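Single-structure report; data block below.
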Amino acid sequence: MQQRLFEMPHSAMDCLCQRYASLCLRVDSEDLNSTIMDHFPTNWGRPRHDGFDAYGTYPIHQRPNNTPKDAFSAGIQRTQQPIVTGTSVLAIKYKDGIMMAADNLASYGSLARFKDIQRLQPVGAHTVIGAGGDMSDFQYIQRLLDALIIDEFTAQDEHNLGPAEIHNYLSQVMYSRRSKMNPLWNAILVGGVKDGKRFLSFVDLLGTTYSASTLATGYGAHIAQPLLRTAVEGKEDDLTEEDAIKILEQSMRVLYYRDARSIDKYQIAKVTAEGVTVSESKRLETSWSFAEGIRGYGAQTQ
């Protein structure tokens, strides 16, 4: 049999080889298409610039990744701690409405990185919010509130969201994210005036809420809150706008002296029956001459 096989004509042998090769090729191609074929050209070879889809076949932000996945690194990740943060926000009630103050610093850890951040945000015509904590989470909250105000406006039902409604909405958002083990790392003050009623309340990353005539977040809850309570409580209906500004400025000055995550550049927001006003950035007037008498500072070493 072997002798006969090797004695076959060359034409018959060539035909047999061609049929065998075509059969193998067909089986390999079917197996490739059914198991490992990647239909996205962007994954065949990485473009020179990763942000440019040379083939225009798939949205960059949704580009599939067909490589083997690590169970931990490819899993859903949560923010473990805030990174870029803002410190204290102060707020008080006064005769004509609500006044709030916050500095313009967003710290990257202990680095005073961003010095022109507005942490007081008007929401609609009657409300202002001030946020401490993670600034990226605050930006996300701002987008949520912008969408909420737009939806309310497009309804055209002559109803506007007031500070109480905004605060209730934020408390539900914060508690929902906390329940999903993915909190928004912020402490937020919500203040406003609607229908002649002043409103000032607090909500944090756990969904905890409470109201008072003086509120503070961050380091200010320890340092500035006693000063605010002494100056405001029991006098909410007598304090003028000038008095309220002086109280907040003095508290911001004390925080600048004592809080390593604050700067002397700040803004004040005012909410009255006429609407919401956020001031331009201001500079605190400070004096460090008192430090000359502190042991270990300057010439005083003993």
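Going by the structure tokens order, chains are called A, B, ..., each with residues numbered from 1, while ligands are numbered from 1 in the order shown.
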Close residues, Leu145 (chain A) itself excluded, 8 Å, only C-alpha atoms, min 4 positions apart in chain, as number ranges by chain | A: 123, 141, 149
Selection near Glu280 (chain A), 10 Å with only C-alpha atoms, sequence-local residues under 4 positions removed, as a count of residues only = 6
Kindly assemble as CSV a list of the region 133-170 of chain A residues that lie within 9 Å of region 180-195 of chain A, each paired with its nearest atom pair and their distance in Å to one decimal, using only C-alpha atoms, sorted first by chain and then by ascending residue number.
residue,atom,partner,partner_atom,distance
A:Gly133,CA,A:Asn186,CA,4.5
A:Asp134,CA,A:Trp185,CA,5.5
A:Met135,CA,A:Asn186,CA,8.1
A:Asp137,CA,A:Leu184,CA,5.7
A:Phe138,CA,A:Asn186,CA,6.9
A:Tyr140,CA,A:Leu184,CA,8.9
A:Ile141,CA,A:Leu184,CA,8.5
A:Gly162,CA,A:Lys194,CA,6.2
A:Pro163,CA,A:Gly192,CA,5.2
A:Ala164,CA,A:Gly192,CA,8.2
A:Ile166,CA,A:Val190,CA,7.7
A:His167,CA,A:Val190,CA,6.1
A:Leu170,CA,A:Ile188,CA,8.8
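Restricting the calculation to only C-alpha atoms, the smallest distance between Gly132 (chain A) and any of A:Gly207, A:Gly97, A:Gly218, A:Pro82 is found for A:Gly218.
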If you run DSSP on the backbone, which residues of region 74-300 of chain A are strand (DSSP E), as number ranges by chain?
-> A: 84-86, 89-94, 97-103, 106-108, 111-114, 120-123, 127-134, 186-194, 197-203, 209-211, 214-216, 265-272, 275-278, 282-283
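Taking CA of Ala102 (chain A) and CA of Thr286 (chain A) as the two end points, the separation is 16.6 Å.
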Record the distance separating CA of Leu228 (chain A) and CA of Arg258 (chain A), expressed in Å with one decimal.
-> 16.0 Å
Could you give me the residues within region 136-243 of chain A that DSSP places in helix (DSSP H, G or I), as a PyMOL selection string?
-> chain A and resi 136-155+163-179+220-232+241-243
Separation of CA of Ser171 (chain A) from CA of Thr209 (chain A) in Å | 7.1 Å
Test item: residues at most 12 Å from region 248-254 of chain A, only C-alpha atoms, excluding those fewer than 5 positions along its chain, as a PyMOL selection string | chain A and resi 87-94+98-104+214-216+219-232+241-243+259-260+262-270+282-288
For Ala106 (chain A), the nearest of the candidates A:Arg178, A:Arg261, A:Ile247, A:Ala273, counting only C-alpha atoms =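 Of A:Arg178, A:Arg261, A:Ile247, A:Ala273, the one nearest Ala106 (chain A) is A:Arg261, counting only C-alpha atoms.
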